[in-house]
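File shown: coords.cif (mmCIF, C-alpha atoms).
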data_start
#
loop_
_atom_site.label_atom_id
_atom_site.label_comp_id
_atom_site.auth_asym_id
_atom_site.auth_seq_id
_atom_site.Cartn_x
_atom_site.Cartn_y
_atom_site.Cartn_z
CA MET A 27 33.52 -32.65 46.56
CA ALA A 28 29.88 -31.57 46.52
CA ALA A 29 29.63 -32.64 42.89
CA GLN A 30 30.08 -36.30 43.75
CA ARG A 31 27.15 -38.56 43.02
CA SER A 32 26.65 -42.25 43.59
CA SER A 33 28.35 -44.35 40.93
CA ALA A 34 25.09 -46.22 40.34
CA PRO A 35 22.78 -45.07 37.52
CA SER A 36 19.90 -45.02 40.01
CA ALA A 37 21.34 -41.75 41.36
CA ALA A 38 20.26 -39.95 38.21
CA PRO A 39 16.82 -38.76 39.44
CA ASP A 40 18.48 -36.17 41.73
CA LEU A 41 19.97 -34.31 38.79
CA PRO A 42 18.83 -30.69 38.79
CA THR A 43 16.49 -29.03 36.32
CA LEU A 44 17.59 -25.45 35.81
CA GLY A 45 14.85 -22.87 35.62
CA GLY A 46 12.27 -25.32 36.97
CA ARG A 47 11.32 -26.45 33.47
CA ARG A 48 10.48 -29.99 32.42
CA SER A 49 13.55 -31.48 30.81
CA SER A 50 14.64 -34.58 28.99
CA TYR A 51 17.19 -36.82 30.65
CA ARG A 52 19.92 -35.44 28.39
CA GLU A 53 18.94 -31.89 29.32
CA ARG A 54 19.00 -32.74 33.00
CA VAL A 55 22.51 -34.12 32.66
CA ALA A 56 23.52 -30.95 30.81
CA ASP A 57 21.96 -28.86 33.59
CA ALA A 58 23.97 -30.70 36.24
CA LEU A 59 27.16 -30.21 34.24
CA ARG A 60 26.43 -26.50 33.76
CA ALA A 61 25.84 -26.09 37.48
CA ALA A 62 29.14 -27.85 38.22
CA LEU A 63 30.90 -25.60 35.73
CA ILE A 64 29.37 -22.40 37.16
CA ALA A 65 30.19 -23.45 40.73
CA GLY A 66 33.79 -24.20 39.82
CA GLU A 67 33.53 -27.96 40.31
CA LEU A 68 34.72 -28.24 36.70
CA ARG A 69 37.71 -25.97 36.25
CA PRO A 70 38.79 -24.00 33.15
CA GLY A 71 41.55 -25.59 31.13
CA GLU A 72 40.93 -29.04 32.60
CA VAL A 73 40.06 -31.91 30.26
CA TYR A 74 37.28 -34.23 31.42
CA SER A 75 36.35 -37.49 29.74
CA ALA A 76 32.74 -38.58 29.43
CA PRO A 77 33.32 -41.81 31.43
CA THR A 78 34.98 -39.87 34.27
CA LEU A 79 32.11 -37.38 34.46
CA ALA A 80 29.58 -40.19 34.19
CA ALA A 81 31.07 -41.94 37.22
CA ARG A 82 31.18 -38.66 39.11
CA PHE A 83 27.49 -37.93 38.54
CA GLY A 84 26.22 -41.51 38.73
CA VAL A 85 24.94 -41.69 35.16
CA SER A 86 25.99 -43.49 31.96
CA ALA A 87 28.61 -42.07 29.61
CA THR A 88 26.33 -41.62 26.58
CA PRO A 89 24.07 -38.84 27.97
CA VAL A 90 27.15 -37.13 29.42
CA ARG A 91 28.86 -37.16 26.04
CA GLU A 92 25.70 -35.82 24.35
CA ALA A 93 25.26 -33.16 27.04
CA MET A 94 28.86 -32.01 26.73
CA LEU A 95 28.36 -31.65 22.98
CA ASP A 96 25.42 -29.37 23.79
CA LEU A 97 27.67 -27.32 26.09
CA ALA A 98 30.27 -27.16 23.32
CA LYS A 99 27.68 -25.58 21.02
CA GLU A 100 27.08 -22.97 23.72
CA GLY A 101 30.81 -22.25 23.89
CA LEU A 102 31.14 -23.48 27.47
CA VAL A 103 33.52 -26.35 26.64
CA ASP A 104 35.76 -27.36 23.73
CA THR A 105 36.03 -30.88 22.38
CA VAL A 106 39.47 -32.52 22.66
CA PRO A 107 39.71 -35.42 20.16
CA ASN A 108 40.20 -38.82 21.80
CA LYS A 109 40.35 -37.25 25.27
CA GLY A 110 37.10 -35.51 26.16
CA PHE A 111 36.14 -31.92 26.79
CA ARG A 112 38.06 -28.89 28.04
CA VAL A 113 36.23 -26.20 30.03
CA THR A 114 36.71 -22.90 28.22
CA GLU A 115 38.54 -20.04 29.87
CA VAL A 116 36.55 -16.93 30.74
CA SER A 117 38.49 -13.73 31.34
CA GLU A 118 37.95 -11.45 34.31
CA THR A 119 36.91 -8.74 31.84
CA GLN A 120 34.23 -10.98 30.34
CA LEU A 121 32.89 -11.87 33.78
CA ASP A 122 32.78 -8.19 34.71
CA GLU A 123 30.87 -7.44 31.51
CA TYR A 124 28.38 -10.25 32.08
CA THR A 125 27.73 -9.01 35.61
CA HIS A 126 27.34 -5.41 34.44
CA ILE A 127 24.74 -6.43 31.87
CA ARG A 128 22.92 -8.49 34.47
CA SER A 129 22.81 -5.56 36.87
CA LEU A 130 21.35 -3.31 34.17
CA ILE A 131 18.60 -5.85 33.53
CA GLU A 132 17.90 -7.56 36.81
CA ILE A 133 17.97 -4.75 39.36
CA PRO A 134 15.35 -2.45 37.76
CA THR A 135 13.22 -5.41 36.69
CA VAL A 136 13.07 -6.86 40.20
CA VAL A 137 12.48 -3.43 41.76
CA ARG A 138 9.41 -2.97 39.52
CA LEU A 139 8.09 -6.31 40.74
CA ALA A 140 7.71 -4.75 44.19
CA THR A 141 4.65 -2.92 42.85
CA THR A 142 3.48 -5.25 40.07
CA ALA A 143 4.03 -8.86 41.14
CA ASP A 144 1.21 -10.95 42.54
CA PRO A 145 1.98 -11.81 46.20
CA VAL A 146 0.87 -15.41 45.63
CA SER A 147 3.36 -15.77 42.77
CA LEU A 148 6.12 -14.28 44.90
CA GLU A 149 5.33 -16.57 47.80
CA ALA A 150 5.49 -19.54 45.42
CA LEU A 151 9.22 -18.85 45.07
CA ARG A 152 9.89 -19.29 48.79
CA PRO A 153 10.54 -23.06 48.56
CA ALA A 154 13.30 -22.40 46.01
CA ALA A 155 14.75 -19.70 48.28
CA ARG A 156 14.78 -22.16 51.16
CA GLU A 157 16.42 -24.80 48.96
CA ILE A 158 19.26 -22.35 48.31
CA VAL A 159 19.81 -21.95 52.05
CA THR A 160 19.63 -25.71 52.61
CA ALA A 161 22.13 -26.40 49.83
CA ALA A 162 24.47 -23.72 51.19
CA SER A 163 24.27 -25.22 54.67
CA ALA A 164 25.03 -28.70 53.27
CA GLY A 165 27.87 -27.42 51.10
CA ASP A 166 26.21 -28.83 47.97
CA LEU A 167 27.34 -26.29 45.37
CA ILE A 168 25.59 -27.91 42.43
CA ALA A 169 22.25 -27.91 44.27
CA TYR A 170 22.97 -24.32 45.34
CA VAL A 171 23.53 -23.11 41.78
CA GLU A 172 20.52 -25.05 40.46
CA ALA A 173 18.16 -23.61 43.07
CA ASP A 174 19.66 -20.12 42.67
CA ILE A 175 19.05 -20.12 38.91
CA ARG A 176 15.54 -21.50 39.36
CA PHE A 177 14.73 -18.80 41.91
CA HIS A 178 16.09 -15.86 39.94
CA LEU A 179 14.73 -16.89 36.55
CA GLY A 180 11.39 -17.65 38.15
CA LEU A 181 11.41 -14.21 39.73
CA LEU A 182 12.28 -12.47 36.46
CA ALA A 183 9.57 -14.46 34.67
CA LEU A 184 7.00 -12.58 36.76
CA ALA A 185 7.86 -9.50 34.68
CA GLY A 186 6.24 -11.22 31.69
CA ASN A 187 9.19 -10.87 29.30
CA SER A 188 10.43 -14.28 28.15
CA HIS A 189 13.27 -12.77 26.09
CA LEU A 190 14.61 -11.02 29.18
CA VAL A 191 14.60 -14.32 31.05
CA GLU A 192 16.42 -16.00 28.17
CA VAL A 193 19.14 -13.34 28.06
CA VAL A 194 19.75 -13.47 31.80
CA GLY A 195 19.71 -17.26 31.73
CA ASP A 196 22.44 -17.26 29.08
CA LEU A 197 24.55 -14.80 31.07
CA ARG A 198 24.19 -16.97 34.16
CA LYS A 199 25.37 -20.05 32.24
CA ARG A 200 28.54 -18.17 31.32
CA SER A 201 29.22 -16.99 34.86
CA ARG A 202 31.86 -18.57 37.09
CA LEU A 203 31.52 -18.57 40.87
CA TYR A 204 34.82 -20.08 41.93
CA GLY A 205 34.67 -18.50 45.37
CA LEU A 206 31.74 -20.65 46.52
CA THR A 207 33.98 -23.46 47.75
CA ALA A 208 35.97 -21.10 49.96
CA LEU A 209 32.75 -19.63 51.37
CA VAL A 210 31.47 -23.11 52.23
CA GLU A 211 34.74 -23.96 53.96
CA ALA A 212 34.57 -20.70 55.91
CA GLY A 213 30.92 -21.26 56.81
CA ARG A 214 29.86 -18.01 55.12
CA LEU A 215 27.76 -19.18 52.18
CA GLU A 216 24.58 -19.75 54.20
CA ALA A 217 24.44 -16.09 55.26
CA SER A 218 24.72 -15.03 51.66
CA ALA A 219 22.05 -17.56 50.66
CA ARG A 220 19.58 -16.02 53.10
CA GLU A 221 19.53 -12.87 50.99
CA HIS A 222 17.02 -14.66 48.74
CA LEU A 223 14.55 -14.84 51.63
CA GLU A 224 15.33 -11.23 52.51
CA LEU A 225 14.59 -10.23 48.92
CA LEU A 226 11.26 -12.05 48.90
CA ASP A 227 10.22 -10.39 52.15
CA ALA A 228 11.08 -6.94 50.76
CA LEU A 229 9.08 -7.64 47.61
CA LEU A 230 6.07 -8.80 49.60
CA GLU A 231 6.29 -5.65 51.73
CA ARG A 232 6.29 -3.58 48.50
CA ASP A 233 9.45 -1.85 49.71
CA GLU A 234 11.17 -0.74 46.49
CA ARG A 235 14.12 0.85 48.30
CA ALA A 236 14.83 -2.35 50.23
CA VAL A 237 14.48 -4.47 47.09
CA HIS A 238 16.97 -2.25 45.28
CA ALA A 239 19.43 -2.48 48.20
CA VAL A 240 19.21 -6.27 48.46
CA MET A 241 19.51 -6.83 44.70
CA THR A 242 22.48 -4.47 44.43
CA ARG A 243 24.25 -6.19 47.32
CA HIS A 244 23.35 -9.65 46.03
CA LEU A 245 24.61 -9.10 42.48
CA GLY A 246 27.71 -7.49 43.93
CA HIS A 247 28.67 -10.90 45.32
CA VAL A 248 29.03 -12.30 41.78
CA ARG A 249 32.28 -10.43 41.30
CA GLY A 250 33.04 -10.15 44.98
CA LEU A 251 32.42 -12.87 47.56
CA TRP A 252 31.53 -15.55 45.01
CA ALA A 253 34.31 -14.78 42.54
CA ALA A 254 37.59 -15.30 44.37
CA PRO A 255 39.17 -18.70 43.63
#

Go ahead and render the structure in this file as C-alpha cells.
Amino acid sequence: MAAQRSSAPSAAPDLPTLGGRRSSYRERVADALRAALIAGELRPGEVYSAPTLAARFGVSATPVREAMLDLAKEGLVDTVPNKGFRVTEVSETQLDEYTHIRSLIEIPTVVRLATTADPVSLEALRPAAREIVTAASAGDLIAYVEADIRFHLGLLALAGNSHLVEVVGDLRKRSRLYGLTALVEAGRLEASAREHLELLDALLERDERAVHAVMTRHLGHVRGLWAAP
C-alpha cells in the first residue's frame, strides 16, 4: 500500500505537514494519519493499534498514540479500550453536505482570486501542484492528499480570510476519498491531478470563466471520481 513506510524511525522526516505550516513531530504524525484516513488507507470501522500504525509509518508508538488521541478529539476516530482506535463512519449524506459547503465557499473565493491574487503568489503554488501530479503518478496517496491540501489551503489563504481557510481545512479533514486507490490502479489519477496546474494557469491568465469551470469540475470529483470505493 502507498501508506507503507520504512519500519525504522529514521523514516519519520518524510511525514507530511498539511497546509505547509511548521509542525511539531506529534502534529506531523497526526497529519500523516489524517492523510491516510482521507485517502482511505485507514478504513471506517477498522480498529488500529498504535504499535501497528507505528510500524506502518516508521515511527515510534508514543507519538502515534498521542496523535490518534488528537484525532479522537476531532471526531475522526474513537478510542477502543485495550485495543486501539476505530476510524469513525461518515455517511454519504454527511459527505455530500461537506462537499456542498465547500463548493459554496471555495468556488466563488477562487474565482475572485483571478482578479485579485498576486501572480507571484500564485506561481509560488506551482511546486505543490507539481507534487500532486508526481504523487499521483507514483501512486502515493498519502503524499497526494498532503500536497492537495497544502495547495488548496495555500490558494484560499490568498483571499486573506484565515477563518475561511480554517473552515475549509476542517471540512477537508472530514472528507473521505476512497476512490483514489481505484483511480491509481486504473492509471487515471494523474490526469485528475493535472487539474491543479490547469487551475493555476487559468488564474494567471485572469480567466474567471475558466477558473469557475475548472473548480466546479475539480470539486465534482470529491463525490464522483474520488468517492467510489

*Two-atom distance - atom CA of Leu251 of chain A, atom CA of Glu115 of chain A (Å)*: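 Atom CA of Leu251 of chain A sits 20.0 Å away from atom CA of Glu115 of chain A.
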
_I'd like the contact shell of segment 197-214 of chain A - 9 Å cut-off, all atoms listed in the file, skipping same-chain residues fewer than 6 positions apart - returned as an NGL selection string._
:A and (60-61 or 63-67 or 69 or 101-102 or 116 or 121 or 124-125 or 127-128 or 162-167 or 175 or 248-255)

*Could you give me, as a PyMOL selection string, the residues within 12 Å of segment 172-174 of chain A, counting all atoms listed in the file and dropping anything in the same chain fewer than 5 positions from it?*
chain A and resi 40-47+54+56-65+151-162+166-167+179-181+195+198-199+218-223+244

Enclose segment 236-242 of chain A, meaning all of its atoms listed in the file, in a box aligned along x, y and z, pad it by 5 Å on each side, and list the centre and edge lengths in Å to one decimal, as JSON.
{"center_x": 18.5, "center_y": -4.5, "center_z": 47.3, "size_x": 18.0, "size_y": 14.6, "size_z": 15.8}

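What separates atom CA of Asp104 of chain A from atom CA of Glu192 of chain A is a distance of 22.9 Å.
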
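Taking atom CA of Asp96 of chain A and atom CA of Ser50 of chain A as the two end points, the separation is 13.1 Å.
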
*For segment 237-242 of chain A, please output as a list in words all residues within 10 Å (counting all atoms listed in the file; exclusion window: fewer than 6 positions along the same chain).*
Ser129, Glu132, Ile133, Pro134, Thr135, Val136, Val137, Arg138, Leu139, Ala140, Glu221, His222, Glu224, Leu225, Leu226, Asp227, Ala228, Leu229, Leu230 and Glu231 of chain A

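Of the residues under consideration (A:Pro107, A:Gln120, A:Leu184, A:Leu245), A:Leu184 shows the shortest atom-to-atom contact distance to Ala143 of chain A when counting all atoms listed in the file.
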
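Of the residues under consideration (A:Leu215, A:Val55, A:Ala87, A:Val106), A:Leu215 shows the shortest atom-to-atom contact distance to Tyr170 of chain A when counting only C-alpha atoms.
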